[in-house]
>>> print(open('upload.csv').read())   # CSV, C-alpha atoms
chain,number,residue,atom,x,y,z
A,1,MET,CA,0.0,0.0,0.0
A,2,GLY,CA,2.9,2.3,0.8
A,3,ASN,CA,4.3,1.5,-2.6
A,4,LEU,CA,1.1,2.4,-4.4
A,5,LEU,CA,0.7,5.7,-2.4
A,6,GLU,CA,4.2,6.6,-3.3
A,7,HIS,CA,3.5,5.6,-6.9
A,8,MET,CA,0.7,8.1,-7.2
A,9,GLY,CA,2.7,10.9,-5.7
A,10,ILE,CA,2.5,10.8,-1.9
A,11,GLU,CA,6.1,11.3,-0.6
A,12,LYS,CA,7.6,8.2,0.8
A,13,ASP,CA,8.5,9.8,4.1
A,14,ARG,CA,4.9,10.7,5.0
A,15,LEU,CA,3.9,7.1,5.6
A,16,HIS,CA,5.6,4.9,8.1
A,17,PHE,CA,5.0,1.4,9.3
A,18,SER,CA,6.3,0.1,12.6
A,19,TRP,CA,5.6,-2.7,15.0
A,20,ILE,CA,6.1,-1.7,18.6
A,21,SER,CA,5.2,-3.8,21.6
A,22,SER,CA,3.6,-2.1,24.7
A,23,ALA,CA,6.8,-3.0,26.5
A,24,GLU,CA,9.0,-1.1,24.1
A,25,ALA,CA,8.7,2.5,25.3
A,26,THR,CA,12.1,3.5,24.1
A,27,LYS,CA,11.5,2.2,20.6
A,28,PHE,CA,8.2,4.0,20.6
A,29,VAL,CA,9.9,7.3,21.5
A,30,ASP,CA,12.6,6.6,18.9
A,31,VAL,CA,10.1,5.9,16.1
A,32,VAL,CA,7.9,8.9,16.9
A,33,THR,CA,10.9,11.2,16.9
A,34,LYS,CA,12.0,9.8,13.5
A,35,VAL,CA,8.5,10.0,12.0
A,36,SER,CA,8.0,13.7,13.2
A,37,GLU,CA,11.5,14.6,11.9
A,38,ALA,CA,10.8,13.0,8.5
A,39,VAL,CA,7.3,14.6,8.1
A,40,ASN,CA,8.5,18.0,9.4
A,41,ALA,CA,11.2,18.0,6.8
A,42,LEU,CA,8.6,17.5,4.0
A,43,GLY,CA,6.4,20.4,5.2
A,44,PRO,CA,2.6,20.6,5.1
A,45,ASN,CA,0.7,18.1,2.9
A,46,HIS,CA,-1.6,19.4,0.3
A,47,LYS,CA,-2.4,16.1,-1.4
A,48,LEU,CA,-5.5,14.0,-0.7
A,49,VAL,CA,-6.8,16.9,1.4
A,50,LYS,CA,-10.4,17.7,1.0
A,51,ASN,CA,-11.4,21.3,1.5
A,52,ALA,CA,-14.6,21.8,3.4
A,53,GLY,CA,-17.4,23.6,1.7
B,54,MET,CA,-17.0,-16.7,-40.3
B,55,ASN,CA,-13.6,-17.2,-38.7
B,56,THR,CA,-12.4,-20.5,-37.5
B,57,TYR,CA,-12.5,-19.4,-33.8
B,58,THR,CA,-16.2,-18.4,-34.1
B,59,LYS,CA,-17.0,-21.7,-35.8
B,60,LYS,CA,-15.2,-23.8,-33.3
B,61,ILE,CA,-16.7,-21.9,-30.3
B,62,ARG,CA,-20.3,-22.4,-31.7
B,63,GLU,CA,-19.6,-26.1,-32.3
B,64,LEU,CA,-18.1,-26.7,-28.8
B,65,ALA,CA,-20.8,-24.6,-27.1
B,66,SER,CA,-23.7,-26.3,-28.9
B,67,ASN,CA,-22.3,-29.8,-28.2
B,68,LEU,CA,-21.9,-29.0,-24.5
B,69,LEU,CA,-25.6,-27.9,-24.4
B,70,LYS,CA,-26.8,-30.8,-26.5
B,71,GLU,CA,-25.0,-33.3,-24.3
B,72,GLY,CA,-26.4,-31.6,-21.2
B,73,LYS,CA,-22.8,-31.2,-19.8
B,74,VAL,CA,-23.6,-27.6,-18.9
B,75,ASP,CA,-26.8,-25.6,-18.2
B,76,LEU,CA,-25.6,-22.5,-20.0
B,77,VAL,CA,-22.6,-21.2,-21.9
B,78,ILE,CA,-21.3,-17.6,-21.5
B,79,GLY,CA,-19.7,-16.1,-24.5
B,80,PHE,CA,-19.7,-13.1,-26.8
B,81,LYS,CA,-22.5,-12.1,-29.1
B,82,GLU,CA,-22.6,-9.5,-31.9
B,83,GLY,CA,-23.1,-6.0,-30.5
B,84,THR,CA,-25.5,-3.4,-31.9
B,85,VAL,CA,-22.8,-1.4,-33.7
B,86,PRO,CA,-19.5,-2.4,-35.4
B,87,MET,CA,-16.6,-3.0,-33.1
B,88,ALA,CA,-18.8,-3.9,-30.2
B,89,THR,CA,-19.5,-7.3,-28.8
B,90,ALA,CA,-21.9,-8.0,-26.0
B,91,PRO,CA,-21.6,-10.7,-23.4
B,92,GLY,CA,-24.3,-13.3,-24.2
B,93,ILE,CA,-25.7,-16.4,-22.6
B,94,ALA,CA,-26.8,-19.5,-24.5
B,95,ARG,CA,-29.1,-22.0,-22.8
B,96,THR,CA,-30.0,-24.0,-26.0
B,97,PRO,CA,-27.8,-25.3,-28.8
B,98,GLU,CA,-29.6,-22.9,-31.2
B,99,GLU,CA,-28.7,-19.9,-29.1
B,100,ALA,CA,-25.0,-21.0,-29.2
B,101,ASP,CA,-25.1,-20.1,-32.9
B,102,GLY,CA,-25.2,-16.5,-31.9
B,103,PHE,CA,-21.7,-16.6,-30.5
B,104,VAL,CA,-18.9,-14.7,-32.2
B,105,TRP,CA,-15.2,-14.2,-31.8
B,106,ASP,CA,-13.0,-11.3,-33.0
B,107,ALA,CA,-10.5,-8.8,-31.7
B,108,ASN,CA,-13.3,-6.9,-30.0
B,109,CYS,CA,-14.1,-9.5,-27.4
B,110,SER,CA,-12.2,-7.6,-24.8
B,111,LEU,CA,-14.4,-7.8,-21.7
B,112,ASN,CA,-13.7,-10.5,-19.1
B,113,LEU,CA,-16.6,-13.0,-18.8
B,114,THR,CA,-15.4,-14.3,-15.5
B,115,ASN,CA,-17.3,-11.3,-14.1
B,116,TYR,CA,-20.5,-13.3,-14.7
B,117,LEU,CA,-19.4,-16.4,-12.7
B,118,THR,CA,-19.5,-15.0,-9.2
B,119,ASN,CA,-21.5,-17.2,-6.8
B,120,LYS,CA,-23.3,-19.0,-9.6
B,121,LYS,CA,-24.9,-22.4,-8.8
B,122,GLU,CA,-25.4,-23.8,-12.4
B,123,LYS,CA,-23.0,-25.8,-14.5
B,124,ILE,CA,-21.4,-23.3,-16.8
B,125,GLY,CA,-19.5,-23.3,-20.0
B,126,ILE,CA,-17.4,-20.2,-20.4
B,127,ILE,CA,-15.2,-18.8,-23.2
B,128,ALA,CA,-11.9,-17.6,-21.8
B,129,LYS,CA,-8.8,-15.9,-23.2
B,130,GLY,CA,-5.5,-16.2,-21.4
B,131,CYS,CA,-6.2,-13.3,-19.0
B,132,ASP,CA,-9.8,-14.4,-18.5
B,133,SER,CA,-8.6,-18.0,-17.6
B,134,ARG,CA,-6.4,-16.5,-14.9
B,135,SER,CA,-9.4,-14.6,-13.5
B,136,ILE,CA,-11.2,-17.9,-13.4
B,137,VAL,CA,-8.4,-19.4,-11.4
B,138,ASN,CA,-8.7,-16.4,-9.1
B,139,HIS,CA,-12.4,-17.0,-8.7
B,140,ILE,CA,-11.8,-20.7,-7.9
B,141,ILE,CA,-9.2,-20.0,-5.3
B,142,GLU,CA,-11.4,-17.3,-3.8
B,143,ASN,CA,-14.2,-19.8,-3.5
B,144,LYS,CA,-16.5,-17.8,-5.8
B,145,ILE,CA,-17.1,-20.8,-8.0
B,146,SER,CA,-15.9,-24.4,-8.0
B,147,ARG,CA,-13.8,-26.0,-10.8
B,148,ASP,CA,-16.4,-28.8,-11.1
B,149,GLN,CA,-19.1,-26.4,-12.1
B,150,LEU,CA,-17.1,-25.1,-15.0
B,151,HIS,CA,-16.3,-26.2,-18.5
B,152,ILE,CA,-13.8,-23.8,-19.9
B,153,ILE,CA,-13.5,-23.3,-23.6
B,154,GLY,CA,-10.1,-21.8,-23.9
B,155,VAL,CA,-9.2,-19.3,-26.7
B,156,PRO,CA,-5.5,-18.9,-27.5
B,157,CYS,CA,-5.5,-15.1,-28.0
B,158,THR,CA,-3.5,-12.9,-30.3
B,159,GLY,CA,-4.7,-9.7,-28.6
B,160,MET,CA,-7.7,-7.5,-28.6
B,161,VAL,CA,-7.7,-4.1,-30.3
B,162,ASP,CA,-7.8,-0.7,-28.8
B,163,LYS,CA,-11.1,0.6,-30.1
B,164,ASN,CA,-10.5,4.2,-29.2
B,165,LYS,CA,-7.2,4.2,-31.1
B,166,ILE,CA,-9.0,2.8,-34.2
B,167,ARG,CA,-11.9,5.2,-33.9
B,168,GLY,CA,-9.3,8.0,-33.7
B,169,LEU,CA,-8.2,7.2,-37.3
B,170,PHE,CA,-11.6,8.4,-38.7
B,171,GLU,CA,-13.7,11.5,-38.4
B,172,ASP,CA,-16.9,9.8,-39.0
B,173,GLU,CA,-18.5,6.6,-37.6
B,174,ILE,CA,-17.2,3.2,-38.3
B,175,THR,CA,-19.7,1.1,-40.3
B,176,GLU,CA,-17.7,-2.1,-40.8
B,177,PHE,CA,-15.0,-4.0,-39.0
B,178,LYS,CA,-13.5,-7.1,-40.6
B,179,GLU,CA,-10.6,-9.1,-39.1
B,180,GLU,CA,-8.6,-11.2,-41.5
B,181,GLY,CA,-5.7,-12.8,-39.7
B,182,ASP,CA,-3.3,-10.1,-38.8
B,183,VAL,CA,-4.9,-7.3,-40.8
B,184,ILE,CA,-8.1,-5.5,-40.1
B,185,ARG,CA,-10.3,-3.7,-42.6
B,186,VAL,CA,-12.2,-0.8,-41.2
B,187,LYS,CA,-14.8,1.1,-43.1
B,188,THR,CA,-16.7,4.3,-42.5
B,189,GLY,CA,-19.0,6.3,-44.8
B,190,ALA,CA,-16.0,8.3,-46.1
B,191,LYS,CA,-13.1,5.9,-46.3
B,192,GLU,CA,-11.7,2.4,-45.9
B,193,LEU,CA,-8.5,1.5,-44.2
B,194,THR,CA,-6.5,-1.7,-43.8
B,195,ILE,CA,-4.5,-1.7,-40.6
B,196,ASP,CA,-2.1,-4.1,-39.0
B,197,LYS,CA,-3.7,-5.6,-35.9
B,198,GLN,CA,-0.5,-5.8,-33.9
B,199,GLU,CA,-0.1,-2.0,-34.1
B,200,TYR,CA,-3.5,-1.4,-32.7
B,201,LEU,CA,-3.5,-3.8,-29.7
B,202,ARG,CA,-4.6,-2.6,-26.3
B,203,GLY,CA,-1.9,-1.7,-23.9
B,204,ASN,CA,-2.3,-4.8,-21.8
B,205,CYS,CA,-2.3,-7.1,-24.8
B,206,ARG,CA,1.0,-5.6,-25.9
B,207,THR,CA,2.6,-6.5,-22.6
B,208,CYS,CA,0.8,-9.8,-22.2
B,209,MET,CA,2.8,-12.9,-21.5
B,210,HIS,CA,0.0,-15.4,-21.0
B,211,ARG,CA,-1.9,-15.4,-24.2
B,212,ASN,CA,-2.9,-19.1,-23.9
B,213,PRO,CA,-5.5,-20.1,-21.3
B,214,VAL,CA,-3.8,-21.5,-18.1
B,215,ILE,CA,-6.8,-23.8,-17.4
B,216,HIS,CA,-9.2,-25.1,-20.0
B,217,ASP,CA,-11.2,-28.2,-20.9
B,218,ASP,CA,-11.2,-27.5,-24.6
B,219,LEU,CA,-9.1,-25.2,-26.8
B,220,VAL,CA,-10.6,-23.7,-29.9
B,221,ALA,CA,-7.2,-23.7,-31.7
B,222,GLU,CA,-3.6,-24.7,-31.2
B,223,PRO,CA,-1.8,-22.6,-28.6
B,224,VAL,CA,-0.3,-19.4,-29.9
B,225,VAL,CA,3.4,-18.4,-29.4
B,226,GLU,CA,3.8,-16.4,-26.2
B,227,GLN,CA,5.4,-12.9,-26.5
B,228,LYS,CA,8.9,-12.4,-25.2
B,229,LEU,CA,9.3,-9.0,-23.8
B,230,ALA,CA,12.6,-7.3,-22.9
B,231,ASP,CA,10.9,-5.1,-20.3
B,232,PRO,CA,7.2,-5.7,-19.7
B,233,PHE,CA,7.0,-2.9,-17.1
B,234,LYS,CA,8.4,0.0,-19.1
B,235,ASP,CA,5.2,2.0,-18.6
B,236,VAL,CA,5.3,1.6,-14.8
B,237,LYS,CA,9.0,2.5,-14.7
B,238,ALA,CA,8.3,5.7,-16.6
B,239,ILE,CA,6.0,6.8,-13.8
B,240,GLU,CA,8.3,5.5,-11.1
B,241,ALA,CA,11.1,7.7,-12.5
B,242,MET,CA,9.1,10.9,-11.9
B,243,ASP,CA,9.4,12.9,-8.6
B,244,ALA,CA,6.5,13.0,-6.2
B,245,ASP,CA,4.8,16.1,-7.6
B,246,GLU,CA,5.1,14.9,-11.2
B,247,LYS,CA,3.6,11.6,-10.1
B,248,TRP,CA,0.8,13.4,-8.4
B,249,ASN,CA,0.1,15.6,-11.4
B,250,HIS,CA,0.3,12.6,-13.8
B,251,PHE,CA,-2.6,10.9,-11.9
B,252,GLU,CA,-4.4,14.2,-11.4
B,253,ASN,CA,-4.5,14.7,-15.2
B,254,LEU,CA,-5.3,11.0,-15.8
B,255,LEU,CA,-8.3,11.2,-13.6
B,256,SER,CA,-9.5,14.7,-14.6
B,257,GLY,CA,-12.1,13.1,-16.9
B,258,CYS,CA,-13.5,10.7,-14.4
B,259,ILE,CA,-17.3,10.9,-14.0
B,260,ARG,CA,-17.5,8.3,-11.2
B,261,CYS,CA,-19.7,6.0,-13.3
B,262,TYR,CA,-17.9,3.0,-11.7
B,263,ALA,CA,-17.8,1.2,-15.1
B,264,CYS,CA,-14.2,0.1,-14.4
B,265,ARG,CA,-15.4,-1.5,-11.1
B,266,ASN,CA,-18.4,-3.1,-12.7
B,267,ALA,CA,-16.4,-4.6,-15.5
B,268,CYS,CA,-13.7,-6.0,-13.2
B,269,PRO,CA,-14.1,-9.7,-12.3
B,270,LEU,CA,-12.3,-9.1,-9.0
B,271,CYS,CA,-14.9,-6.5,-7.8
B,272,TYR,CA,-17.5,-8.8,-6.5
B,273,CYS,CA,-18.2,-7.5,-2.9
B,274,PRO,CA,-21.9,-7.5,-2.2
B,275,THR,CA,-21.6,-3.8,-1.1
B,276,CYS,CA,-18.7,-1.9,-2.6
B,277,PHE,CA,-16.9,0.5,-0.3
B,278,VAL,CA,-18.0,3.4,-2.5
B,279,ASP,CA,-21.7,2.5,-2.2
B,280,GLU,CA,-21.6,2.1,1.5
B,281,ALA,CA,-23.5,4.9,3.3
B,282,ASN,CA,-22.9,4.0,6.9
B,283,PRO,CA,-20.0,4.4,7.4
B,284,GLN,CA,-19.3,6.4,4.3
B,285,TRP,CA,-15.7,5.6,3.4
B,286,VAL,CA,-15.4,8.0,0.5
B,287,GLY,CA,-17.4,11.1,-0.6
B,288,LYS,CA,-19.7,10.5,-3.5
B,289,GLY,CA,-19.2,13.7,-5.4
B,290,GLN,CA,-16.7,15.0,-8.0
B,291,ASP,CA,-14.2,16.3,-5.5
B,292,PRO,CA,-10.7,15.3,-6.8
B,293,THR,CA,-9.8,13.9,-3.5
B,294,ASP,CA,-12.8,11.5,-3.6
B,295,ILE,CA,-12.1,10.5,-7.2
B,296,ARG,CA,-8.5,9.8,-6.3
B,297,THR,CA,-9.5,7.8,-3.2
B,298,PHE,CA,-11.9,5.7,-5.2
B,299,HIS,CA,-9.3,4.9,-7.9
B,300,PHE,CA,-6.6,4.3,-5.3
B,301,LEU,CA,-8.6,1.9,-3.2
B,302,ARG,CA,-10.3,0.2,-6.2
B,303,ALA,CA,-6.8,-0.6,-7.5
B,304,TYR,CA,-5.5,-1.6,-4.1
B,305,HIS,CA,-8.3,-4.2,-3.7
B,306,CYS,CA,-6.8,-5.9,-6.8
B,307,ALA,CA,-3.3,-6.2,-5.3
B,308,GLY,CA,-1.9,-9.7,-6.1
B,309,ARG,CA,-5.1,-10.6,-7.9
B,310,CYS,CA,-5.1,-8.4,-11.0
B,311,THR,CA,-4.4,-10.3,-14.2
B,312,ASP,CA,-4.2,-7.1,-16.3
B,313,CYS,CA,-7.1,-8.2,-18.4
B,314,GLY,CA,-7.8,-4.6,-19.3
B,315,ALA,CA,-11.6,-4.9,-18.8
B,316,CYS,CA,-11.5,-1.7,-16.6
B,317,GLU,CA,-10.0,0.4,-19.3
B,318,ASP,CA,-12.1,-1.1,-21.9
B,319,ALA,CA,-15.3,-0.2,-20.0
B,320,CYS,CA,-14.2,3.3,-19.3
B,321,PRO,CA,-16.4,5.7,-21.3
B,322,MET,CA,-13.9,8.6,-20.7
B,323,ASP,CA,-10.9,6.6,-22.0
B,324,ILE,CA,-9.0,6.9,-18.7
B,325,LYS,CA,-6.0,4.6,-18.4
B,326,VAL,CA,-6.9,3.2,-15.0
B,327,ARG,CA,-4.4,0.5,-15.5
B,328,ASP,CA,-1.7,3.0,-14.5
B,329,PHE,CA,-2.7,2.2,-10.9
B,330,THR,CA,-3.1,-1.6,-11.2
B,331,ARG,CA,0.0,-2.1,-13.3
B,332,LYS,CA,2.1,-0.9,-10.3
B,333,LEU,CA,0.6,-3.6,-8.2
B,334,VAL,CA,1.2,-6.2,-10.9
B,335,LYS,CA,4.8,-5.2,-11.0
B,336,ASP,CA,5.2,-5.1,-7.2
B,337,SER,CA,3.6,-8.6,-6.8
B,338,PHE,CA,6.0,-9.9,-9.3
B,339,GLU,CA,9.1,-8.2,-8.0
B,340,ILE,CA,8.4,-8.7,-4.3
B,341,TYR,CA,6.8,-12.1,-4.2
B,342,GLY,CA,7.6,-13.5,-7.7
B,343,TRP,CA,3.8,-13.8,-8.1
B,344,GLU,CA,1.7,-13.6,-11.2
B,345,ALA,CA,-2.0,-13.8,-10.4
B,346,GLY,CA,-4.1,-16.7,-11.5
B,347,LEU,CA,-1.5,-19.0,-12.9
B,348,THR,CA,-2.1,-22.0,-10.5
B,349,LEU,CA,-4.8,-23.5,-8.4
B,350,ASP,CA,-2.3,-25.0,-6.0
B,351,GLN,CA,-0.8,-21.9,-4.4
B,352,ARG,CA,-2.4,-19.3,-2.2
B,353,PRO,CA,-1.9,-15.7,-3.3
B,354,PRO,CA,0.9,-13.8,-1.4
B,355,LEU,CA,-1.5,-11.4,0.3
B,356,ASP,CA,-3.5,-14.1,2.1
B,357,THR,CA,-0.6,-16.1,3.4
B,358,PHE,CA,2.4,-15.4,5.7
B,359,LYS,CA,5.9,-16.7,5.1
B,360,PRO,CA,8.7,-15.9,7.5
B,361,GLU,CA,10.8,-14.9,4.5
B,362,ASP,CA,8.3,-12.3,3.3
B,363,PRO,CA,10.2,-9.0,2.9
B,364,ASP,CA,9.6,-6.6,5.8
B,365,ASP,CA,12.1,-3.8,5.2
B,366,PHE,CA,9.3,-1.2,5.3
B,367,ILE,CA,8.5,-1.9,9.0
B,368,LYS,CA,10.8,0.1,11.2
>>> encode(input="upload.csv", output="structure tokens")
Amino acid sequence: MGNLLEHMGIEKDRLHFSWISSAEATKFVDVVTKVSEAVNALGPNHKLVKNAG
Amino acid sequence: MNTYTKKIRELASNLLKEGKVDLVIGFKEGTVPMATAPGIARTPEEADGFVWDANCSLNLTNYLTNKKEKIGIIAKGCDSRSIVNHIIENKISRDQLHIIGVPCTGMVDKNKIRGLFEDEITEFKEEGDVIRVKTGAKELTIDKQEYLRGNCRTCMHRNPVIHDDLVAEPVVEQKLADPFKDVKAIEAMDADEKWNHFENLLSGCIRCYACRNACPLCYCPTCFVDEANPQWVGKGQDPTDIRTFHFLRAYHCAGRCTDCGACEDACPMDIKVRDFTRKLVKDSFEIYGWEAGLTLDQRPPLDTFKPEDPDDFIK
């Protein structure tokens, strides 16, 4: 699914997949930090956004 | 009458005469040239209405879903793979089917041929590799291979993978240096170019759902686009909703699409919707070495788990 989203023009770094157990707090923090950094670097998303009204 | 048509009529009428099947699904002459319509024969006489030419591009597997009768069906290479899909997805059982296989040399791109003329086509005649097309104003003889549909040009399974009868000797399969050239061209674009490519592609979409209706894989009793509660996707012409529909429709075909081209053929706006599904065909092949509908003995990659499945995308 990530591949097809990327194929139609959604930047690869916007979508992340991860498997984190409830016992893996440090991994969770680590992944969230990396995800926010990657998404912040891309800036705001304008694709697949539906404008109200 | 061409030999394929003759043989199809003969096989179909014998099946009905001998009572081996309750009905045969095939193609009948359409109301205008270059159109064929799916048709059902329940008596040997009705089987005389079957035809075969390079316009039989729809996928008849679409009419097999959940049927209880014993059915004879005409199938090209791609259609036979869809039948395999139907069998492994328990939509019909192999015992119910008598498959009349058609070794296929490709179906024509009707819009491309129509584009050659300014007025309406009044006659379409296929003679081996050449096609004679007539309108009120002129007549052209064209080479069939040059006017094949996109999916027929990249087809590597022209002969039916399962069949009980064949209407002719198997044809030679195409050898292609790079079957996924079209997908790679899109992959080479940057994110915005890709986005714009699909935005232009879908700009003509009128949400008629013909692509979904023609697809043998789309057999859910209630499609996600028709569901009202919850409403998964908006029903209007908002580009986001159109994109969501096409993206999800394609994704539902992951690892199942046989690239039969019925979706594109049914599209009244000539949208190349295969630009979505082709990516999935390529990914299935490259990630899992999987081509849909080739065998009854193996489960598709997306409904099985193997420890060696690639998982680099999970961080």
>>> atom_distance(input="upload.csv", atom1="atom CA of B:Ala267", atom2="atom CA of B:Gly102")
22.1 Å
>>> closest_residue(input="upload.csv", among="A:Leu48, A:Val32, A:Leu15, A:Gly2", to="chain B", atoms="all atoms listed in the file")
A:Leu48
>>> residues_around(input="upload.csv", residues="stretch 84-93 of chain B", least_positions_apart="5", cutoff="8 Å", atoms="all atoms listed in the file", output="PDB file with C-alpha atoms, in the frame of the given file")
ATOM      1  CA  LEU B  76     -25.600 -22.500 -20.000  1.00  0.00           C
ATOM      2  CA  VAL B  77     -22.600 -21.200 -21.900  1.00  0.00           C
ATOM      3  CA  ILE B  78     -21.300 -17.600 -21.500  1.00  0.00           C
ATOM      4  CA  GLY B  79     -19.700 -16.100 -24.500  1.00  0.00           C
ATOM      5  CA  GLU B  99     -28.700 -19.900 -29.100  1.00  0.00           C
ATOM      6  CA  PHE B 103     -21.700 -16.600 -30.500  1.00  0.00           C
ATOM      7  CA  ASN B 108     -13.300  -6.900 -30.000  1.00  0.00           C
ATOM      8  CA  CYS B 109     -14.100  -9.500 -27.400  1.00  0.00           C
ATOM      9  CA  LEU B 111     -14.400  -7.800 -21.700  1.00  0.00           C
ATOM     10  CA  LEU B 113     -16.600 -13.000 -18.800  1.00  0.00           C
ATOM     11  CA  LYS B 163     -11.100   0.600 -30.100  1.00  0.00           C
ATOM     12  CA  ILE B 174     -17.200   3.200 -38.300  1.00  0.00           C
ATOM     13  CA  THR B 175     -19.700   1.100 -40.300  1.00  0.00           C
ATOM     14  CA  GLU B 176     -17.700  -2.100 -40.800  1.00  0.00           C
ATOM     15  CA  PHE B 177     -15.000  -4.000 -39.000  1.00  0.00           C
TER      16      PHE B 177
END
>>> interface_residues(input="upload.csv", of="chain B", to="chain A", cutoff="6 Å", atoms="only C-alpha atoms", output="PyMOL selection string")
chain B and resi 244-245+247-248+293+367-368
>>> residues_around(input="upload.csv", residues="stretch 210-212 of chain B", least_positions_apart="5", cutoff="10 Å", atoms="only C-alpha atoms", output="ChimeraX atom specification")
/B:128-134,154-159,205,219,222-227,311,347
>>> residues_around(input="upload.csv", residues="B:Leu349", least_positions_apart="6", cutoff="9 Å", atoms="only C-alpha atoms", output="list in words")
Val137, Asn138, Ile140 and Ile141 of chain B
>>> atom_distance(input="upload.csv", atom1="atom CA of B:Asn67", atom2="atom CA of B:Leu150")
14.9 Å
>>> atom_distance(input="upload.csv", atom1="atom CA of B:Glu280", atom2="atom CA of B:Val326")
22.1 Å
>>> decode(input="upload.csv", residues="stretch 101-143 of chain B", atoms="C-alpha atoms", output="JSON list (two decimals), in the first residue's frame")
[["chain", "number", "residue", "atom", "x", "y", "z"],
["B", 101, "ASP", "CA", -25.13, -20.12, -32.95],
["B", 102, "GLY", "CA", -25.16, -16.48, -31.94],
["B", 103, "PHE", "CA", -21.66, -16.61, -30.46],
["B", 104, "VAL", "CA", -18.90, -14.69, -32.20],
["B", 105, "TRP", "CA", -15.18, -14.17, -31.78],
["B", 106, "ASP", "CA", -12.99, -11.34, -33.00],
["B", 107, "ALA", "CA", -10.52, -8.76, -31.70],
["B", 108, "ASN", "CA", -13.33, -6.86, -29.95],
["B", 109, "CYS", "CA", -14.13, -9.54, -27.35],
["B", 110, "SER", "CA", -12.16, -7.64, -24.76],
["B", 111, "LEU", "CA", -14.41, -7.84, -21.71],
["B", 112, "ASN", "CA", -13.71, -10.47, -19.08],
["B", 113, "LEU", "CA", -16.56, -12.98, -18.83],
["B", 114, "THR", "CA", -15.35, -14.27, -15.46],
["B", 115, "ASN", "CA", -17.34, -11.33, -14.12],
["B", 116, "TYR", "CA", -20.51, -13.35, -14.68],
["B", 117, "LEU", "CA", -19.40, -16.42, -12.72],
["B", 118, "THR", "CA", -19.51, -15.01, -9.19],
["B", 119, "ASN", "CA", -21.52, -17.23, -6.82],
["B", 120, "LYS", "CA", -23.32, -19.04, -9.64],
["B", 121, "LYS", "CA", -24.88, -22.42, -8.84],
["B", 122, "GLU", "CA", -25.37, -23.80, -12.36],
["B", 123, "LYS", "CA", -22.95, -25.81, -14.45],
["B", 124, "ILE", "CA", -21.45, -23.26, -16.76],
["B", 125, "GLY", "CA", -19.50, -23.34, -19.99],
["B", 126, "ILE", "CA", -17.40, -20.24, -20.44],
["B", 127, "ILE", "CA", -15.25, -18.80, -23.19],
["B", 128, "ALA", "CA", -11.89, -17.62, -21.85],
["B", 129, "LYS", "CA", -8.82, -15.89, -23.24],
["B", 130, "GLY", "CA", -5.48, -16.18, -21.43],
["B", 131, "CYS", "CA", -6.20, -13.33, -19.02],
["B", 132, "ASP", "CA", -9.80, -14.44, -18.46],
["B", 133, "SER", "CA", -8.65, -17.96, -17.60],
["B", 134, "ARG", "CA", -6.38, -16.47, -14.94],
["B", 135, "SER", "CA", -9.35, -14.57, -13.54],
["B", 136, "ILE", "CA", -11.24, -17.86, -13.43],
["B", 137, "VAL", "CA", -8.37, -19.36, -11.42],
["B", 138, "ASN", "CA", -8.71, -16.38, -9.05],
["B", 139, "HIS", "CA", -12.43, -17.02, -8.73],
["B", 140, "ILE", "CA", -11.82, -20.68, -7.92],
["B", 141, "ILE", "CA", -9.19, -20.02, -5.26],
["B", 142, "GLU", "CA", -11.35, -17.28, -3.75],
["B", 143, "ASN", "CA", -14.24, -19.78, -3.54]]
